[in-house]
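> Contents of coords18.cif (mmCIF, C-alpha atoms):
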```cif
data_work
#
loop_
_atom_site.label_atom_id
_atom_site.label_comp_id
_atom_site.auth_asym_id
_atom_site.auth_seq_id
_atom_site.Cartn_x
_atom_site.Cartn_y
_atom_site.Cartn_z
CA MET F 91 -39.77 3.71 -54.75
CA ILE F 92 -39.77 6.34 -51.99
CA THR F 93 -37.95 3.89 -49.70
CA LEU F 94 -35.32 3.22 -52.39
CA ILE F 95 -34.75 6.93 -52.98
CA ALA F 96 -34.37 7.54 -49.23
CA ALA F 97 -31.87 4.70 -48.95
CA LEU F 98 -29.82 5.99 -51.88
CA PHE F 99 -29.81 9.51 -50.41
CA GLY F 100 -28.57 8.18 -47.07
CA LEU F 101 -25.77 6.26 -48.80
CA TRP F 102 -24.80 9.37 -50.77
CA ARG F 103 -24.49 11.36 -47.55
CA LEU F 104 -22.17 8.74 -46.02
CA LEU F 105 -19.93 8.57 -49.09
CA LYS F 106 -19.99 12.27 -49.90
CA PRO F 107 -16.57 13.84 -49.15
CA PRO F 108 -16.60 16.54 -46.48
CA ASN F 109 -16.69 20.16 -47.55
CA SER F 110 -13.08 21.19 -47.10
CA SER F 111 -14.03 24.86 -47.19
CA SER F 112 -15.98 24.61 -43.95
CA PRO F 113 -14.23 22.23 -41.55
CA SER F 114 -15.96 21.25 -38.32
CA PRO F 115 -15.24 23.73 -35.50
CA THR F 116 -15.39 20.90 -32.94
CA LEU F 117 -12.23 20.07 -31.00
CA ARG F 118 -11.64 16.43 -30.09
CA PHE F 119 -10.14 15.92 -26.62
CA VAL F 120 -8.92 12.45 -25.60
CA SER F 121 -8.78 12.09 -21.82
CA LEU F 122 -7.21 9.26 -19.81
CA ALA F 123 -8.94 10.06 -16.53
CA TRP F 124 -10.13 6.82 -14.94
CA GLN F 125 -10.93 7.40 -11.28
CA GLU F 126 -14.55 8.34 -10.69
CA GLN F 127 -13.79 11.79 -9.26
CA ALA F 128 -11.36 12.56 -12.07
CA LEU F 129 -13.84 11.46 -14.74
CA ARG F 130 -16.46 13.73 -13.28
CA ALA F 131 -14.06 16.68 -13.02
CA ASN F 132 -12.94 16.37 -16.65
CA ARG F 133 -16.47 16.11 -17.99
CA GLU F 134 -17.66 19.05 -15.90
CA LEU F 135 -14.84 21.25 -17.21
CA VAL F 136 -15.56 20.28 -20.81
CA ALA F 137 -19.21 21.17 -20.21
CA ASP F 138 -18.14 24.54 -18.75
CA TRP F 139 -15.99 25.22 -21.83
CA ASN F 140 -18.80 24.30 -24.20
CA ALA F 141 -21.24 26.58 -22.39
CA ALA F 142 -18.79 29.49 -22.67
CA HIS F 143 -17.55 28.71 -26.21
CA PRO F 144 -20.50 27.48 -28.30
CA ASP F 145 -18.61 28.41 -31.47
CA VAL F 146 -15.71 26.03 -30.60
CA PRO F 147 -17.29 23.04 -28.86
CA VAL F 148 -15.17 20.21 -27.46
CA GLU F 149 -16.00 16.55 -27.99
CA TYR F 150 -14.91 14.54 -24.94
CA VAL F 151 -13.39 11.19 -25.95
CA GLN F 152 -12.68 8.68 -23.20
CA GLY F 153 -9.40 6.83 -23.74
CA THR F 154 -7.65 4.18 -21.67
CA TRP F 155 -4.04 3.88 -20.56
CA ASN F 156 -3.81 0.39 -22.07
CA SER F 157 -4.87 1.42 -25.58
CA ILE F 158 -3.81 5.06 -25.95
CA HIS F 159 -0.34 4.41 -27.40
CA ASP F 160 -1.55 2.29 -30.31
CA TYR F 161 -4.47 4.66 -30.88
CA LEU F 162 -2.18 7.68 -31.15
CA ILE F 163 0.36 5.99 -33.42
CA THR F 164 -2.46 5.05 -35.79
CA SER F 165 -3.86 8.58 -35.59
CA PHE F 166 -0.51 10.19 -36.34
CA GLU F 167 0.06 7.95 -39.36
CA THR F 168 -3.43 8.37 -40.84
CA GLY F 169 -3.83 12.06 -40.02
CA GLU F 170 -7.12 11.44 -38.17
CA VAL F 171 -5.75 13.01 -35.00
CA PRO F 172 -7.46 14.37 -31.90
CA ASP F 173 -6.86 18.08 -31.35
CA VAL F 174 -5.79 17.66 -27.72
CA PHE F 175 -4.73 14.47 -25.96
CA HIS F 176 -3.80 13.48 -22.42
CA TYR F 177 -0.69 11.31 -21.89
CA GLU F 178 2.63 11.27 -20.04
CA SER F 179 5.92 13.08 -20.48
CA SER F 180 8.27 10.12 -20.93
CA ILE F 181 6.31 8.89 -23.95
CA ILE F 182 5.41 12.13 -25.71
CA VAL F 183 9.09 13.04 -25.92
CA ASP F 184 9.48 10.08 -28.26
CA PHE F 185 6.47 11.28 -30.27
CA ALA F 186 8.08 14.71 -30.59
CA MET F 187 11.33 13.21 -31.88
CA ARG F 188 9.31 11.51 -34.62
CA GLY F 189 7.75 14.84 -35.60
CA TYR F 190 4.23 14.03 -34.46
CA LEU F 191 3.66 16.92 -32.04
CA ALA F 192 3.18 20.66 -32.35
CA ASP F 193 5.75 22.80 -30.55
CA LEU F 194 3.80 24.60 -27.83
CA ALA F 195 6.62 26.95 -26.78
CA PRO F 196 5.48 29.89 -28.99
CA MET F 197 1.90 29.53 -27.71
CA LEU F 198 2.64 29.66 -23.98
CA GLU F 199 1.70 32.70 -21.93
CA GLU F 200 4.24 34.14 -19.51
CA GLU F 201 1.97 33.61 -16.50
CA MET F 202 1.75 29.88 -17.19
CA LYS F 203 5.48 29.58 -17.83
CA GLN F 204 6.30 31.23 -14.51
CA ASP F 205 3.71 29.43 -12.37
CA ILE F 206 4.30 25.84 -13.49
CA LEU F 207 7.22 24.30 -11.60
CA PRO F 208 10.62 24.11 -13.37
CA ALA F 209 10.84 20.34 -12.82
CA ALA F 210 7.52 19.91 -14.61
CA TRP F 211 8.66 22.02 -17.57
CA ALA F 212 11.91 20.05 -17.70
CA SER F 213 9.89 16.88 -18.28
CA VAL F 214 8.38 18.25 -21.52
CA THR F 215 11.16 20.49 -22.90
CA ARG F 216 13.52 19.18 -25.57
CA PRO F 217 17.17 20.27 -25.83
CA ASN F 218 16.24 22.59 -28.73
CA GLY F 219 13.66 24.38 -26.57
CA GLU F 220 10.58 22.78 -28.08
CA VAL F 221 7.77 22.07 -25.60
CA THR F 222 5.99 18.79 -26.28
CA GLY F 223 3.05 19.29 -23.93
CA VAL F 224 1.80 21.30 -20.98
CA PRO F 225 2.35 19.37 -17.72
CA LEU F 226 -0.84 18.87 -15.75
CA VAL F 227 0.02 16.74 -12.70
CA MET F 228 3.11 15.06 -11.28
CA GLU F 229 3.19 11.48 -10.06
CA SER F 230 5.25 11.17 -6.88
CA LEU F 231 6.27 8.08 -4.92
CA ILE F 232 5.62 8.10 -1.18
CA VAL F 233 5.86 5.94 1.95
CA LEU F 234 2.61 5.18 3.78
CA PHE F 235 2.72 4.02 7.39
CA ASN F 236 0.30 2.53 9.92
CA GLN F 237 0.11 4.97 12.84
CA LYS F 238 -1.18 2.39 15.33
CA LEU F 239 1.69 -0.03 14.66
CA PHE F 240 4.19 2.82 14.99
CA GLU F 241 2.72 3.77 18.37
CA GLN F 242 2.80 0.18 19.60
CA ALA F 243 6.48 -0.06 18.63
CA GLN F 244 7.14 3.40 20.15
CA ILE F 245 8.51 4.69 16.86
CA THR F 246 8.27 8.41 16.16
CA PRO F 247 7.42 9.02 12.49
CA PRO F 248 9.60 11.42 10.46
CA THR F 249 8.50 14.98 9.82
CA LEU F 250 9.18 17.53 7.12
CA ALA F 251 11.73 19.15 9.43
CA GLN F 252 13.31 15.81 10.39
CA PRO F 253 13.00 13.37 7.48
CA TRP F 254 14.22 9.81 7.68
CA THR F 255 17.17 8.34 5.86
CA TRP F 256 16.92 4.95 4.22
CA GLU F 257 18.86 3.55 7.19
CA ASN F 258 16.19 4.96 9.53
CA LEU F 259 13.57 3.19 7.45
CA ARG F 260 15.52 -0.06 7.54
CA ARG F 261 15.88 0.02 11.34
CA ALA F 262 12.19 0.84 11.81
CA ALA F 263 11.14 -1.97 9.48
CA LEU F 264 13.20 -4.45 11.50
CA GLN F 265 11.60 -3.23 14.72
CA LEU F 266 8.10 -3.51 13.24
CA THR F 267 8.55 -7.06 11.89
CA LYS F 268 6.94 -9.57 14.26
CA ASP F 269 5.77 -13.11 14.75
CA THR F 270 2.59 -12.05 16.52
CA ASN F 271 1.27 -15.50 17.48
CA GLY F 272 4.47 -17.39 18.24
CA ASP F 273 4.12 -19.95 15.45
CA GLY F 274 7.55 -19.23 14.01
CA GLU F 275 6.14 -17.38 11.01
CA ILE F 276 6.09 -13.62 10.45
CA GLU F 277 2.58 -12.17 10.49
CA GLN F 278 3.53 -8.47 10.59
CA TRP F 279 6.11 -7.21 8.12
CA GLY F 280 7.83 -3.90 8.66
CA ALA F 281 7.75 -2.95 4.99
CA ALA F 282 6.39 -3.93 1.61
CA PHE F 283 7.72 -3.02 -1.84
CA GLY F 284 5.28 -3.40 -4.72
CA LEU F 285 7.79 -4.19 -7.47
CA ARG F 286 5.64 -5.98 -10.01
CA ASN F 287 6.53 -3.22 -12.49
CA SER F 288 9.75 -2.20 -10.83
CA ALA F 289 11.54 0.03 -13.35
CA ASN F 290 9.63 3.21 -12.58
CA ILE F 291 10.01 2.79 -8.81
CA VAL F 292 13.66 1.72 -8.76
CA MET F 293 14.86 4.32 -11.25
CA ASN F 294 13.00 7.26 -9.72
CA LEU F 295 13.93 6.40 -6.12
CA SER F 296 17.58 5.77 -7.09
CA ILE F 297 17.96 9.44 -7.96
CA SER F 298 18.29 10.25 -4.24
CA PHE F 299 21.35 7.95 -4.15
CA GLY F 300 22.88 9.71 -7.15
CA GLY F 301 21.77 7.00 -9.56
CA SER F 302 21.02 7.79 -13.18
CA PHE F 303 21.14 4.47 -15.14
CA PHE F 304 21.24 6.42 -18.43
CA ARG F 305 24.33 8.42 -19.36
CA LYS F 306 25.61 10.10 -22.47
CA GLU F 307 28.94 8.92 -23.83
CA HIS F 308 30.30 10.26 -27.11
CA GLY F 309 26.92 11.78 -27.89
CA LYS F 310 24.98 8.54 -27.35
CA TYR F 311 22.92 7.25 -24.44
CA VAL F 312 24.24 4.16 -22.66
CA VAL F 313 22.73 2.16 -19.78
CA LYS F 314 25.04 1.58 -16.83
CA ALA F 315 24.49 0.35 -13.28
CA GLY F 316 27.31 1.63 -11.10
CA ALA F 317 27.60 1.94 -7.33
CA GLU F 318 25.01 4.72 -7.09
CA GLU F 319 22.46 2.76 -9.12
CA LYS F 320 23.03 -0.35 -6.99
CA ASP F 321 22.70 1.33 -3.57
CA LEU F 322 18.90 1.25 -3.52
CA LEU F 323 18.84 -2.31 -4.86
CA ARG F 324 21.26 -3.40 -2.13
CA THR F 325 19.05 -1.78 0.51
CA ILE F 326 15.92 -3.51 -0.77
CA HIS F 327 17.76 -6.85 -1.04
CA ALA F 328 19.06 -6.50 2.52
CA MET F 329 15.60 -5.78 3.90
CA LEU F 330 14.14 -8.75 2.02
CA TYR F 331 16.77 -11.42 2.66
CA GLU F 332 19.18 -10.29 5.40
CA ASP F 333 16.97 -8.40 7.85
CA ARG F 334 13.83 -10.24 6.71
CA SER F 335 11.93 -7.05 7.51
CA ALA F 336 10.28 -6.62 4.10
CA SER F 337 7.76 -9.09 2.74
CA PRO F 338 9.14 -11.17 -0.16
CA ALA F 339 5.57 -11.78 -1.33
CA SER F 340 5.04 -8.05 -1.83
CA VAL F 341 7.74 -7.90 -4.50
CA GLY F 342 5.40 -9.52 -7.01
CA GLN F 343 2.52 -7.18 -6.19
CA SER F 344 1.45 -3.84 -7.60
CA GLY F 345 0.92 -0.82 -5.37
CA THR F 346 -2.82 -1.33 -5.19
CA GLY F 347 -2.30 -5.03 -4.51
CA MET F 348 -0.55 -4.21 -1.23
CA ILE F 349 -3.34 -2.05 0.19
CA PRO F 350 -5.46 -4.90 1.67
CA GLY F 351 -2.38 -6.12 3.54
CA PHE F 352 -1.80 -2.58 4.78
CA PHE F 353 -5.36 -2.40 6.10
CA ASN F 354 -5.17 -5.71 7.99
CA GLY F 355 -1.81 -4.99 9.63
CA LYS F 356 0.28 -7.35 7.51
CA TYR F 357 2.45 -4.45 6.29
CA ALA F 358 3.42 -1.57 8.59
CA MET F 359 4.82 0.54 5.72
CA LEU F 360 4.22 0.66 1.98
CA VAL F 361 7.39 1.95 0.33
CA GLY F 362 7.41 3.59 -3.10
CA ILE F 363 3.66 3.63 -3.68
CA GLY F 364 2.08 6.37 -5.77
CA ALA F 365 0.58 9.36 -3.97
CA TRP F 366 -2.70 8.63 -5.78
CA ALA F 367 -3.16 5.56 -3.56
CA ARG F 368 -4.31 7.83 -0.73
CA GLN F 369 -7.71 8.00 -2.36
CA GLN F 370 -8.21 4.29 -1.75
CA LEU F 371 -7.24 4.74 1.90
CA VAL F 372 -9.69 7.60 2.39
CA GLU F 373 -12.52 5.74 0.67
CA ASN F 374 -11.91 2.13 1.72
CA ALA F 375 -9.96 2.04 5.00
CA PRO F 376 -11.59 0.17 7.90
CA LYS F 377 -13.18 2.27 10.62
CA ASN F 378 -10.60 3.82 13.00
CA PHE F 379 -7.69 2.85 10.71
CA ARG F 380 -5.08 5.60 11.04
CA TRP F 381 -2.35 6.16 8.50
CA GLY F 382 0.21 8.78 7.54
CA VAL F 383 2.54 9.88 4.75
CA MET F 384 6.30 10.21 5.20
CA PRO F 385 8.32 13.02 3.61
CA PRO F 386 10.73 11.85 0.89
CA LEU F 387 13.45 9.60 2.28
CA ARG F 388 16.99 10.96 2.25
CA ALA F 389 20.01 9.20 0.79
CA ARG F 390 22.50 11.70 -0.64
CA THR F 391 19.51 13.95 -1.22
CA GLN F 392 15.73 13.73 -0.93
CA ASN F 393 15.29 14.13 -4.68
CA THR F 394 12.87 11.78 -6.42
CA GLY F 395 12.24 11.31 -10.10
CA ILE F 396 8.86 12.10 -11.60
CA SER F 397 6.75 11.51 -14.63
CA THR F 398 4.24 14.20 -15.49
CA GLN F 399 0.87 13.78 -17.14
CA THR F 400 0.44 16.20 -20.00
CA LEU F 401 -1.86 17.78 -22.56
CA SER F 402 -0.43 17.91 -26.10
CA ILE F 403 -1.48 18.95 -29.60
CA PRO F 404 -0.68 16.82 -32.68
CA LYS F 405 1.17 18.61 -35.46
CA LYS F 406 -1.52 17.49 -37.94
CA SER F 407 -4.31 19.17 -35.99
CA THR F 408 -5.86 21.92 -38.12
CA LYS F 409 -7.10 23.78 -35.04
CA GLN F 410 -3.93 24.27 -33.01
CA LYS F 411 -4.75 27.81 -31.90
CA GLN F 412 -8.18 26.82 -30.59
CA ALA F 413 -6.71 23.67 -29.03
CA MET F 414 -4.17 25.74 -27.11
CA GLU F 415 -6.93 28.01 -25.81
CA PHE F 416 -8.71 24.92 -24.51
CA ILE F 417 -5.50 23.73 -22.79
CA LYS F 418 -5.10 27.14 -21.15
CA PHE F 419 -8.67 26.88 -19.89
CA MET F 420 -8.22 23.35 -18.54
CA LEU F 421 -4.94 24.24 -16.85
CA SER F 422 -5.83 27.54 -15.22
CA THR F 423 -5.10 27.58 -11.49
CA GLU F 424 -8.72 26.90 -10.57
CA ASN F 425 -9.27 24.13 -13.09
CA MET F 426 -5.88 22.44 -12.60
CA ALA F 427 -6.58 22.36 -8.87
CA LYS F 428 -9.87 20.62 -9.56
CA LEU F 429 -8.27 18.06 -11.88
CA ALA F 430 -5.26 17.32 -9.66
CA HIS F 431 -7.25 17.05 -6.45
CA SER F 432 -9.76 14.71 -8.08
CA ASP F 433 -6.89 12.48 -9.26
CA TRP F 434 -4.95 12.68 -5.94
CA MET F 435 -1.81 13.81 -7.76
CA ILE F 436 0.42 16.87 -7.38
CA PRO F 437 -0.58 19.86 -9.54
CA THR F 438 2.25 21.42 -11.52
CA ARG F 439 1.29 25.02 -10.70
CA GLN F 440 2.79 26.61 -7.58
CA SER F 441 -0.39 28.67 -7.21
CA CYS F 442 -2.33 25.40 -6.86
CA LEU F 443 0.06 24.01 -4.25
CA ASN F 444 -0.48 27.15 -2.17
CA LEU F 445 -4.24 26.56 -1.97
CA PRO F 446 -5.71 25.25 1.33
CA LEU F 447 -7.08 22.35 -0.70
CA PHE F 448 -3.55 20.92 -0.94
CA GLN F 449 -2.51 21.60 2.66
CA THR F 450 -4.88 19.30 4.56
CA ARG F 451 -3.32 16.91 7.08
CA ASP F 452 -5.65 13.94 7.53
CA ASP F 453 -5.34 12.83 3.91
CA GLY F 454 -1.61 13.58 3.60
CA TRP F 455 -1.88 16.48 1.16
CA ASP F 456 0.33 18.69 3.34
CA VAL F 457 3.28 16.28 3.18
CA VAL F 458 2.75 15.33 -0.47
CA SER F 459 2.56 18.99 -1.53
CA ALA F 460 5.65 19.93 0.48
CA GLY F 461 7.53 17.09 -1.22
CA ALA F 462 7.07 18.76 -4.61
CA GLN F 463 10.26 20.75 -3.98
CA PHE F 464 12.28 17.51 -4.23
CA LEU F 465 10.81 16.28 -7.51
CA THR F 466 13.08 16.19 -10.54
CA THR F 467 13.42 14.53 -13.93
CA GLY F 468 15.60 11.53 -14.59
CA PRO F 469 18.48 11.74 -17.10
CA TRP F 470 16.77 9.05 -19.18
CA LEU F 471 14.14 11.51 -20.34
CA GLY F 472 14.54 11.97 -24.07
CA ALA F 473 16.68 8.89 -24.58
CA PRO F 474 15.64 7.31 -27.91
CA GLY F 475 13.81 4.05 -27.32
CA TYR F 476 13.54 4.59 -23.55
CA VAL F 477 9.89 3.57 -23.35
CA GLU F 478 10.50 0.38 -25.31
CA TRP F 479 13.56 -0.40 -23.14
CA LYS F 480 11.56 0.11 -19.94
CA THR F 481 8.70 -2.05 -21.19
CA ARG F 482 10.60 -4.92 -22.80
CA VAL F 483 13.88 -5.03 -20.87
CA ALA F 484 13.37 -3.49 -17.44
CA ASN F 485 9.77 -4.72 -17.04
CA PRO F 486 9.75 -7.88 -19.15
CA ILE F 487 6.78 -9.49 -17.37
#
```
For the file at hand, write its structure as structure tokens.


Amino acid sequence: MITLIAALFGLWRLLKPPNSSSPSPTLRFVSLAWQEQALRANRELVADWNAAHPDVPVEYVQGTWNSIHDYLITSFETGEVPDVFHYESSIIVDFAMRGYLADLAPMLEEEMKQDILPAAWASVTRPNGEVTGVPLVMESLIVLFNQKLFEQAQITPPTLAQPWTWENLRRAALQLTKDTNGDGEIEQWGAAFGLRNSANIVMNLSISFGGSFFRKEHGKYVVKAGAEEKDLLRTIHAMLYEDRSASPASVGQSGTGMIPGFFNGKYAMLVGIGAWARQQLVENAPKNFRWGVMPPLRARTQNTGISTQTLSIPKKSTKQKQAMEFIKFMLSTENMAKLAHSDWMIPTRQSCLNLPLFQTRDDGWDVVSAGAQFLTTGPWLGAPGYVEWKTRVANPI
């Protein structure tokens, strides 16, 4: 009898509706950090917040990049939303257009508005002035090069003061391409392009040529590939099939898939790889392997498109004020620096970029940080259906 009563009481507690007059003070934070250092940094900061704010604790929820979109759509539709979630600017703009996100513009402090770079704000600001999220880090595309192979070919790498053009890169790649054992086959390629998911790389790098792909005509977005959009594609095609200075096999690889070939001397340069890849070089490079980072290549300009990672608040969150306080805590100069450095990505605050932490030479932070001045947003940002177009049309595989 006692066992039966206990079981019935337990069932009653599960089925009993929550007391709406006293909602849980806990904030739910969904993070997409995945690298070991970034995971540790996020969890440490949540622990710091909880120690300082016992009345508004944060529950850390680990999400994944592969599942977050479906999870959020379901959350928005059911109302069972997290209070703060981590995602990226190009996708949350679409969420905002559907009315899923809180407008953060009225909640922003002047210090944060002034310190975060204009390009980062542009990635999360709608034409009506609404702010869909606070930008945390910026993903930039870089060129990595093998210092030893450059020295053997007597090639002087570009500097911040004297950046290379794409023609400079093309000539260097041709000079670095070699049949090292005389068997008639190329063993050392001058360049490699990881174009397995090519839309992000091609579109963002085409900005330096004046390319836009998306344009507004009669109030509607249209996709067009004119001369400016084709310039980068022509250059890549020429290096692959005319000069034969870029590895055709690399086209089907991802950025990380090219790194082993970079280590063993198969590729002298990795073109258009994410700045985050430097972590793998620091942690996994063979002994005495020397590498460097090039400043952004110049076409018409050195501008490169970006996507920012963001923290946002769902409109259905009942604790928006507390959620914004948590975002301000996570994205203070000190804490943003910790998060960005652990993820090997560019922080959005100028005060972070000025820190010695982001000016070191051996791991390329000095060049990557200096390149932040050339980062910009593509004109496709905010185009209805852009994410679906990129996924199903531009990256069909």

> Take the point (-1.3, 9.0, -39.0) as written in the file and pick out every residue within 12 Å of it, counting all atoms listed in the file; give the list as number ranges by chain.

F: 160-172, 185, 188-191, 404-407

> Quick one: everything within 6 Å of stretch 253-264 of chain F, counting only C-alpha atoms, minus sequence neighbours fewer than 4 positions away in the same chain. Send it as a list in words.

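The contact residues come out as Pro248, Thr249, Gly280, Ala281, Ser335, Leu387, Arg388 and Ala389 of chain F.
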
> I need the residue nearest F:Val383 from this list: F:Ala289, F:Leu371, F:Met426, F:Ile417. Use only C-alpha atoms for the distance.

F:Leu371

> Go through the shown structure with the PyMOL selection byres ((chain F and resi 395) around 7) and write out the matching residues as a list of chain:residue names.

F:Asn294, F:Leu295, F:Ile297, F:Asn393, F:Thr394, F:Ile396, F:Leu465, F:Thr466, F:Thr467, F:Gly468

> Check the smallest atom-to-atom distance from each of F:Arg380, F:Leu285, F:Leu250, F:Leu443 to F:Val457 using all atoms listed in the file, then report the winner.

F:Leu250

> Any chance you could tabulate, as JSON lines, the residues of stretch 222-314 of chain F at most 12 Å from stretch 475-485 of chain F with each one's nearest atom pair and distance in Å to one decimal, using only C-alpha atoms, in chain and rising number order?


```
{"residue": "F:Leu285", "atom": "CA", "partner": "F:Asn485", "partner_atom": "CA", "distance": 9.8}
{"residue": "F:Arg286", "atom": "CA", "partner": "F:Asn485", "partner_atom": "CA", "distance": 8.3}
{"residue": "F:Asn287", "atom": "CA", "partner": "F:Asn485", "partner_atom": "CA", "distance": 5.8}
{"residue": "F:Ser288", "atom": "CA", "partner": "F:Asn485", "partner_atom": "CA", "distance": 6.7}
{"residue": "F:Ala289", "atom": "CA", "partner": "F:Ala484", "partner_atom": "CA", "distance": 5.7}
{"residue": "F:Asn290", "atom": "CA", "partner": "F:Lys480", "partner_atom": "CA", "distance": 8.2}
{"residue": "F:Ile291", "atom": "CA", "partner": "F:Asn485", "partner_atom": "CA", "distance": 11.1}
{"residue": "F:Val292", "atom": "CA", "partner": "F:Ala484", "partner_atom": "CA", "distance": 10.1}
{"residue": "F:Met293", "atom": "CA", "partner": "F:Ala484", "partner_atom": "CA", "distance": 10.1}
{"residue": "F:Phe303", "atom": "CA", "partner": "F:Tyr476", "partner_atom": "CA", "distance": 11.3}
{"residue": "F:Phe304", "atom": "CA", "partner": "F:Tyr476", "partner_atom": "CA", "distance": 9.4}
{"residue": "F:Tyr311", "atom": "CA", "partner": "F:Tyr476", "partner_atom": "CA", "distance": 9.8}
{"residue": "F:Val312", "atom": "CA", "partner": "F:Tyr476", "partner_atom": "CA", "distance": 10.7}
{"residue": "F:Val313", "atom": "CA", "partner": "F:Trp479", "partner_atom": "CA", "distance": 10.1}
```

> To one decimal place, how far is atom CA of F:Ser337 from atom CA of F:Ser397 in Å?

27.0 Å

> Just to confirm, what's the straight-line distance from atom CA of F:Ser213 to atom CA of F:Ser179 in Å (one decimal)?

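Here the two named atoms are 5.9 Å from each other.
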